[in-house]
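File shown here: data.txt, holding compact mmCIF, C-alpha atoms.
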# COMPACT_ATOMS: atom_id res chain seq x y z
CA MET T 1 0.22 -97.92 -8.88
CA THR T 2 3.25 -99.46 -10.59
CA SER T 3 6.57 -99.98 -8.83
CA LYS T 4 8.03 -97.17 -10.95
CA ASP T 5 5.29 -94.76 -9.84
CA ARG T 6 5.69 -95.75 -6.19
CA VAL T 7 9.45 -95.19 -6.35
CA LEU T 8 8.93 -91.80 -8.04
CA GLU T 9 6.47 -90.64 -5.39
CA PHE T 10 8.88 -91.81 -2.67
CA LEU T 11 11.77 -89.88 -4.27
CA GLU T 12 9.58 -86.77 -4.60
CA LYS T 13 8.66 -86.92 -0.92
CA THR T 14 12.30 -87.33 0.14
CA ARG T 15 13.94 -85.20 -2.53
CA GLU T 16 16.08 -83.31 -0.01
CA ASN T 17 17.82 -86.48 1.20
CA TYR T 18 19.65 -89.50 -0.15
CA ILE T 19 17.79 -92.75 0.51
CA SER T 20 19.46 -96.13 0.21
CA GLY T 21 17.98 -98.75 -2.08
CA GLU T 22 17.58 -101.04 0.92
CA ALA T 23 15.65 -98.44 2.93
CA MET T 24 13.47 -97.66 -0.08
CA ALA T 25 12.78 -101.35 -0.66
CA ASP T 26 11.84 -101.88 3.00
CA SER T 27 9.58 -98.84 3.07
CA LEU T 28 7.76 -99.74 -0.15
CA GLY T 29 7.69 -103.50 0.36
CA LEU T 30 9.61 -104.08 -2.87
CA SER T 31 12.74 -106.07 -3.70
CA ARG T 32 16.08 -104.34 -4.23
CA ASN T 33 15.96 -105.54 -7.84
CA ALA T 34 12.54 -103.91 -8.33
CA ILE T 35 13.94 -100.63 -6.97
CA TRP T 36 16.91 -100.82 -9.34
CA LYS T 37 14.64 -101.50 -12.34
CA ALA T 38 12.33 -98.63 -11.38
CA ILE T 39 15.27 -96.22 -11.06
CA ASN T 40 16.50 -97.19 -14.53
CA GLU T 41 13.02 -96.79 -16.04
CA LEU T 42 12.70 -93.31 -14.52
CA ARG T 43 16.10 -92.30 -15.85
CA LYS T 44 15.07 -93.42 -19.35
CA LYS T 45 12.07 -91.09 -19.04
CA GLY T 46 14.35 -88.15 -18.32
CA TYR T 47 14.44 -88.06 -14.53
CA ASP T 48 17.75 -86.91 -13.06
CA ILE T 49 18.35 -89.38 -10.25
CA GLU T 50 21.63 -89.05 -8.41
CA ALA T 51 23.32 -92.12 -6.91
CA VAL T 52 26.11 -91.89 -4.34
CA SER T 53 27.87 -94.88 -2.78
CA ASN T 54 26.96 -95.46 0.87
CA LYS T 55 24.25 -92.78 0.63
CA GLY T 56 21.70 -93.95 -1.93
CA TYR T 57 19.44 -92.15 -4.39
CA ARG T 58 17.82 -88.73 -4.65
CA LEU T 59 16.17 -86.60 -7.32
CA GLY T 60 18.60 -84.06 -8.74
CA ASP T 61 17.97 -80.39 -7.97
CA SER T 62 17.48 -79.65 -11.66
CA ASN T 63 14.74 -82.26 -12.01
CA ASP T 64 11.40 -80.60 -12.83
CA ILE T 65 9.17 -83.05 -14.66
CA VAL T 66 5.45 -82.64 -13.99
CA SER T 67 3.95 -85.88 -12.72
CA ALA T 68 0.99 -87.12 -10.71
CA GLN T 69 3.42 -88.56 -8.17
CA GLY T 70 5.25 -85.25 -7.83
CA ILE T 71 1.99 -83.37 -7.30
CA LEU T 72 0.71 -85.91 -4.76
CA ALA T 73 3.99 -85.81 -2.85
CA SER T 74 3.72 -82.00 -2.60
CA LEU T 75 0.20 -81.94 -1.15
CA ASP T 76 -0.27 -81.33 2.57
CA ALA T 77 -1.53 -84.36 4.47
CA VAL T 78 -4.36 -82.27 5.95
CA GLY T 79 -5.66 -81.06 2.59
CA PHE T 80 -7.87 -82.68 -0.06
CA LYS T 81 -5.98 -85.74 -1.25
CA PRO T 82 -6.97 -87.03 -4.71
CA SER T 83 -6.30 -90.53 -5.88
CA THR T 84 -3.66 -91.01 -8.57
CA ASP T 85 -6.30 -91.65 -11.23
CA MET T 86 -7.79 -88.19 -10.60
CA ILE T 87 -4.62 -86.50 -11.86
CA HIS T 88 -4.11 -86.61 -15.62
CA ILE T 89 -0.77 -85.49 -17.08
CA TYR T 90 -0.18 -84.86 -20.80
CA ASP T 91 2.83 -83.75 -22.82
CA THR T 92 0.75 -81.62 -25.20
CA VAL T 93 -2.98 -81.07 -25.60
CA ASP T 94 -5.14 -78.69 -27.57
CA SER T 95 -6.45 -77.21 -24.31
CA THR T 96 -6.54 -78.57 -20.75
CA ASN T 97 -9.97 -76.96 -20.34
CA LYS T 98 -11.24 -78.88 -23.37
CA VAL T 99 -9.93 -82.17 -21.96
CA ALA T 100 -11.35 -81.39 -18.50
CA LYS T 101 -14.77 -80.49 -19.93
CA GLU T 102 -14.93 -83.82 -21.77
CA MET T 103 -14.06 -85.58 -18.50
CA ALA T 104 -16.65 -83.56 -16.58
CA ILE T 105 -19.36 -84.48 -19.08
CA ALA T 106 -18.36 -88.13 -18.65
CA GLY T 107 -18.83 -87.82 -14.88
CA ALA T 108 -15.35 -87.06 -13.54
CA LEU T 109 -15.19 -86.39 -9.80
CA HIS T 110 -14.83 -83.07 -8.01
CA GLY T 111 -11.12 -82.30 -7.75
CA THR T 112 -10.10 -84.06 -10.96
CA LEU T 113 -7.01 -82.31 -12.31
CA VAL T 114 -5.71 -82.06 -15.88
CA VAL T 115 -2.18 -80.78 -16.47
CA ALA T 116 -0.23 -80.38 -19.72
CA ARG T 117 3.38 -79.45 -20.32
CA ALA T 118 2.28 -77.46 -23.38
CA GLN T 119 -0.89 -76.53 -25.27
CA ASP T 120 -1.25 -76.00 -29.00
CA GLY T 121 -4.72 -74.46 -28.77
CA GLY T 122 -4.74 -72.65 -25.45
CA ARG T 123 -7.28 -69.87 -25.13
CA GLY T 124 -8.53 -67.30 -22.68
CA ARG T 125 -11.66 -65.24 -22.23
CA ARG T 126 -13.65 -64.18 -25.32
CA ASP T 127 -11.85 -66.95 -27.22
CA HIS T 128 -8.54 -65.07 -27.23
CA SER T 129 -5.56 -67.33 -27.91
CA PHE T 130 -3.20 -68.14 -25.02
CA PHE T 131 0.37 -68.92 -26.08
CA SER T 132 1.31 -72.06 -24.17
CA PRO T 133 4.85 -73.37 -24.81
CA GLU T 134 6.87 -75.71 -22.60
CA GLY T 135 8.09 -74.00 -19.45
CA GLY T 136 4.62 -72.96 -18.38
CA ILE T 137 2.04 -74.52 -16.09
CA TYR T 138 -1.26 -75.36 -17.77
CA MET T 139 -3.83 -76.89 -15.46
CA SER T 140 -7.61 -77.30 -15.33
CA LEU T 141 -9.61 -78.36 -12.30
CA ILE T 142 -13.09 -79.89 -12.32
CA LEU T 143 -15.41 -78.57 -9.61
CA SER T 144 -18.82 -79.88 -8.55
CA PRO T 145 -21.50 -77.20 -7.98
CA ASP T 146 -22.60 -78.77 -4.68
CA LYS T 147 -19.08 -78.28 -3.29
CA LEU T 148 -19.00 -74.52 -3.91
CA LYS T 149 -20.29 -71.61 -1.84
CA SER T 150 -21.26 -69.62 -4.94
CA LEU T 151 -22.02 -70.45 -8.56
CA GLU T 152 -21.52 -66.88 -9.78
CA PRO T 153 -18.88 -67.02 -12.56
CA ASP T 154 -17.09 -63.87 -11.40
CA VAL T 155 -16.97 -65.14 -7.81
CA ILE T 156 -15.47 -68.46 -8.90
CA THR T 157 -12.91 -66.73 -11.11
CA THR T 158 -11.99 -64.24 -8.37
CA THR T 159 -11.65 -67.06 -5.83
CA THR T 160 -9.37 -68.92 -8.23
CA GLY T 161 -7.30 -65.79 -8.84
CA ASN T 162 -6.87 -65.24 -5.10
CA ALA T 163 -5.86 -68.90 -4.66
CA VAL T 164 -3.13 -68.47 -7.29
CA LYS T 165 -2.04 -65.13 -5.82
CA ASN T 166 -1.78 -66.61 -2.30
CA ALA T 167 0.11 -69.68 -3.55
CA LEU T 168 2.62 -67.46 -5.37
CA LYS T 169 3.12 -65.38 -2.23
CA SER T 170 3.49 -68.29 0.20
CA LEU T 171 5.58 -70.58 -2.00
CA CYS T 172 7.49 -68.18 -4.26
CA ASN T 173 7.41 -64.95 -2.21
CA ILE T 174 6.06 -63.21 -5.31
CA ASP T 175 3.41 -60.48 -5.06
CA ALA T 176 1.11 -60.58 -8.06
CA THR T 177 -1.75 -58.21 -8.86
CA ILE T 178 -5.13 -59.45 -10.10
CA LYS T 179 -6.81 -57.36 -12.80
CA PRO T 180 -9.53 -57.25 -13.61
CA ILE T 181 -10.50 -60.68 -12.24
CA ASN T 182 -8.96 -63.29 -14.53
CA ASP T 183 -5.35 -62.19 -15.13
CA LEU T 184 -2.39 -61.89 -12.76
CA PHE T 185 0.39 -59.39 -13.35
CA ILE T 186 3.85 -58.61 -12.01
CA ASP T 187 4.96 -55.03 -12.71
CA ASP T 188 2.18 -54.64 -15.29
CA LYS T 189 3.26 -57.73 -17.20
CA LYS T 190 0.97 -60.74 -17.41
CA ILE T 191 2.15 -63.97 -15.83
CA CYS T 192 -1.14 -65.87 -15.47
CA GLY T 193 -4.54 -66.17 -17.13
CA ILE T 194 -7.69 -67.85 -15.78
CA LEU T 195 -10.64 -69.21 -17.75
CA THR T 196 -13.82 -70.43 -16.01
CA GLU T 197 -16.34 -72.54 -17.95
CA SER T 198 -19.42 -74.55 -17.01
CA GLY T 199 -22.02 -76.96 -18.32
CA THR T 200 -25.74 -76.69 -17.63
CA GLU T 201 -28.72 -79.00 -17.99
CA PHE T 202 -30.87 -77.75 -20.86
CA ASP T 203 -34.30 -78.33 -19.32
CA SER T 204 -33.66 -77.03 -15.82
CA GLY T 205 -30.75 -74.67 -16.43
CA LEU T 206 -28.97 -76.20 -13.43
CA VAL T 207 -25.16 -76.08 -13.45
CA GLN T 208 -23.79 -79.60 -13.80
CA TRP T 209 -20.05 -78.95 -13.63
CA ILE T 210 -17.47 -76.17 -13.58
CA VAL T 211 -13.95 -76.16 -14.99
CA VAL T 212 -11.36 -73.56 -14.02
CA GLY T 213 -8.30 -73.34 -16.26
CA ILE T 214 -5.06 -71.70 -15.17
CA GLY T 215 -2.07 -70.88 -17.34
CA ILE T 216 1.14 -69.59 -15.73
CA ASN T 217 4.45 -68.55 -17.28
CA PHE T 218 6.62 -70.48 -14.81
CA ASP T 219 10.14 -70.64 -16.25
CA SER T 220 9.19 -69.85 -19.82
CA ASP T 221 11.71 -68.75 -22.45
CA LEU T 222 10.24 -65.34 -23.29
CA SER T 223 12.61 -64.92 -26.24
CA LYS T 224 10.54 -67.54 -28.07
CA PHE T 225 7.22 -65.73 -27.55
CA PRO T 226 5.55 -63.94 -30.47
CA SER T 227 6.89 -60.41 -30.92
CA ASP T 228 3.55 -58.81 -30.05
CA LEU T 229 3.59 -60.53 -26.63
CA LYS T 230 7.20 -60.04 -25.54
CA SER T 231 6.59 -56.58 -24.07
CA LYS T 232 3.34 -57.65 -22.38
CA VAL T 233 4.24 -60.84 -20.53
CA ALA T 234 6.65 -61.97 -17.84
CA SER T 235 7.73 -65.29 -16.35
CA LEU T 236 8.04 -66.18 -12.68
CA TYR T 237 11.56 -67.43 -13.27
CA ALA T 238 14.16 -67.60 -16.02
CA PRO T 239 14.41 -71.00 -17.76
CA GLY T 240 15.93 -73.58 -15.42
CA GLN T 241 16.36 -71.08 -12.57
CA ALA T 242 13.30 -71.84 -10.43
CA PRO T 243 14.04 -72.66 -6.76
CA ILE T 244 10.83 -74.71 -6.61
CA THR T 245 9.29 -77.27 -8.94
CA LYS T 246 6.20 -76.99 -11.10
CA ASN T 247 4.74 -79.90 -9.14
CA GLN T 248 5.04 -77.92 -5.90
CA LEU T 249 3.27 -74.84 -7.31
CA ILE T 250 0.54 -76.93 -8.96
CA ALA T 251 -0.08 -78.68 -5.63
CA ALA T 252 -0.20 -75.39 -3.71
CA ILE T 253 -2.74 -73.88 -6.14
CA TYR T 254 -4.78 -77.09 -6.22
CA GLN T 255 -5.08 -77.18 -2.44
CA ALA T 256 -5.80 -73.46 -2.19
CA ILE T 257 -8.73 -73.75 -4.61
CA LEU T 258 -10.25 -76.84 -3.01
CA ALA T 259 -9.87 -75.46 0.50
CA ARG T 260 -12.29 -72.63 -0.30
Take the structure from the file and write it as structure tokens.
Amino acid sequence: MTSKDRVLEFLEKTRENYISGEAMADSLGLSRNAIWKAINELRKKGYDIEAVSNKGYRLGDSNDIVSAQGILASLDAVGFKPSTDMIHIYDTVDSTNKVAKEMAIAGALHGTLVVARAQDGGRGRRDHSFFSPEGGIYMSLILSPDKLKSLEPDVITTTTGNAVKNALKSLCNIDATIKPINDLFIDDKKICGILTESGTEFDSGLVQWIVVGIGINFDSDLSKFPSDLKSKVASLYAPGQAPITKNQLIAAIYQAILAR
């Protein structure tokens, strides 16, 4: 992990408090100059890092950039803890499920996570398109068959839906309804879609891997959605108004799925 990534994870873990450069350097075993360089690099990448004399640094409240470090910092110590190279973040992809399936075929580990800030080819069940602009959460998780209690597609999808529902309730205090098994709604408007896919061995028919994809309208600008969707969808929060970060919700869902 680079110095920049270590500083970012440290700031994510301590985002409620100001931390001096000296304390950060001592904790991470880095020089003050390395901390200063890392802070500047993060700012160039768009991170809002506040600096106050005699207090130190902290991530600004408005900062909500999805990152592996932000997700890792939001995971409970008692839960499944992936390594940094198991979390893959993209600005835009065709589909996180497509990327995750390619990784699964190549032998990616159970718990490997793919997240994109936007998708230009997102899709749902029966190959329906899934509009996926910035402001949403688009994540796909690779699961190994030997780690699951059931390999029934509907059971896996329902378990995933319940994990999302419980994470929304515990972290956001939002009650969502699952219907039928792969979509979540608030007041009859869709806020989340789930797509479960798998790969099997041709000769034996044995399931080799499973990928669950989740798309959530987090703080999406609904005014930019296609006209035929505007009356059918909702967003958890208005743009820029979320009291939590995308990293925190991704981490909560990730842990909820892997804990089952």
Computed interatomic separation between atom CA of T:Lys169 and atom CA of T:His88 (Å):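 Straight-line distance from atom CA of T:Lys169 to atom CA of T:His88 works out to 26.1 Å.
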Residue nearest T:Asp91 - candidates T:Arg117, T:Lys4, T:Lys165, T:Lys149, atoms counted: all atoms listed in the file: T:Arg117
Distance in Å - atom CA of T:Asp154 versus atom CA of T:Val211: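 These atoms are spaced 13.2 Å apart.
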Using all atoms listed in the file: which of T:Ser20, T:Gln255, T:Gln119, T:Asn247 has the shortest distance to T:Asn63: T:Asn247
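For the pair atom CA of T:Pro145 and atom CA of T:Leu206, the interatomic distance is 9.3 Å.
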Using only C-alpha atoms, find each residue of stretch 39-134 of chain T with at least one atom at most 12 Å away from an atom of stretch 219-227 of chain T; report its shortest atom-to-atom pair and that distance in Å (one decimal), sort the rows by chain and rising residue number, and return the result as CSV.
residue,atom,partner,partner_atom,distance
T:Asp64,CA,T:Asp219,CA,10.6
T:Arg117,CA,T:Ser220,CA,11.2
T:Ala118,CA,T:Ser220,CA,10.9
T:Ser129,CA,T:Pro226,CA,11.9
T:Phe130,CA,T:Phe225,CA,11.0
T:Phe131,CA,T:Phe225,CA,7.7
T:Ser132,CA,T:Ser220,CA,9.3
T:Pro133,CA,T:Ser220,CA,7.5
T:Glu134,CA,T:Ser220,CA,6.9
T:Pro153 surroundings by all atoms listed in the file, 12 Å radius, close-in-sequence under 5 positions cut, as JSON, numbers by chain: {"T": [145, 148, 158, 159, 160, 181, 182, 194, 195, 196, 197, 198, 199, 207, 210, 211, 212]}
Atoms kept (C-alpha atoms) for selection, written as a short mmCIF file (atom, residue, chain, number, x, y, z; two decimals), keeping the file's coordinate frame:
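Written file, part.cif:
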data_model
loop_
_atom_site.label_atom_id
_atom_site.label_comp_id
_atom_site.auth_asym_id
_atom_site.auth_seq_id
_atom_site.Cartn_x
_atom_site.Cartn_y
_atom_site.Cartn_z
CA PRO T 145 -21.50 -77.20 -7.98
CA LEU T 148 -19.00 -74.52 -3.91
CA THR T 158 -11.99 -64.24 -8.37
CA THR T 159 -11.65 -67.06 -5.83
CA THR T 160 -9.37 -68.92 -8.23
CA ILE T 181 -10.50 -60.68 -12.24
CA ASN T 182 -8.96 -63.29 -14.53
CA ILE T 194 -7.69 -67.85 -15.78
CA LEU T 195 -10.64 -69.21 -17.75
CA THR T 196 -13.82 -70.43 -16.01
CA GLU T 197 -16.34 -72.54 -17.95
CA SER T 198 -19.42 -74.55 -17.01
CA GLY T 199 -22.02 -76.96 -18.32
CA VAL T 207 -25.16 -76.08 -13.45
CA ILE T 210 -17.47 -76.17 -13.58
CA VAL T 211 -13.95 -76.16 -14.99
CA VAL T 212 -11.36 -73.56 -14.02
#
Find the residues around T:Ala68 up to 9 Å (all atoms listed in the file counted), leave out those fewer than 5 positions away in its own chain, and share them as an mmCIF file with C-alpha atoms, in the coordinates of the input.
data_model
loop_
_atom_site.group_PDB
_atom_site.id
_atom_site.type_symbol
_atom_site.label_atom_id
_atom_site.label_comp_id
_atom_site.auth_asym_id
_atom_site.auth_seq_id
_atom_site.Cartn_x
_atom_site.Cartn_y
_atom_site.Cartn_z
ATOM 1 C CA ASP T 5 5.290 -94.760 -9.840
ATOM 2 C CA GLU T 9 6.470 -90.640 -5.390
ATOM 3 C CA ALA T 73 3.990 -85.810 -2.850
ATOM 4 C CA THR T 84 -3.660 -91.010 -8.570
ATOM 5 C CA ASP T 85 -6.300 -91.650 -11.230
ATOM 6 C CA MET T 86 -7.790 -88.190 -10.600
ATOM 7 C CA ILE T 87 -4.620 -86.500 -11.860
ATOM 8 C CA HIS T 88 -4.110 -86.610 -15.620
ATOM 9 C CA ILE T 89 -0.770 -85.490 -17.080
ATOM 10 C CA ASN T 247 4.740 -79.900 -9.140
#
Neighbour list for T:Phe185 as a list in words, cut-off 9 Å, all atoms listed in the file, skip fewer than 3 positions in-chain: Asp175, Ala176, Thr177, Ile178, Lys179, Asp188, Lys189, Lys190, Ile191, Cys192, Val233 and Ala234 of chain T
Take every atom of stretch 126-141 of chain T listed in the file, fit an axis-aligned box around them, add 4 Å per side, and give the centre and edge lengths in Å to one decimal as JSON.
{"center_x": -2.8, "center_y": -71.3, "center_z": -20.1, "size_x": 29.7, "size_y": 22.2, "size_z": 23.6}
Residues within 8 Å of (-16.1, -75.5, -2.2), file coords, only C-alpha atoms, listed as an MDAnalysis selection string: chainID T and resid 146:149 257:260
T:Leu28, T:Gln248, T:Gly122, T:Ala51 ranked by distance to T:Glu12, top pick (using only C-alpha atoms):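 Answer, going by the shortest atom-to-atom distance: T:Gln248.
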Expected answer as a PyMOL selection string: all residues with atoms within 9 Å of (-4.0, -80.3, -2.2), all atoms listed in the file: chain T and resi 71-72+74-82+250-259
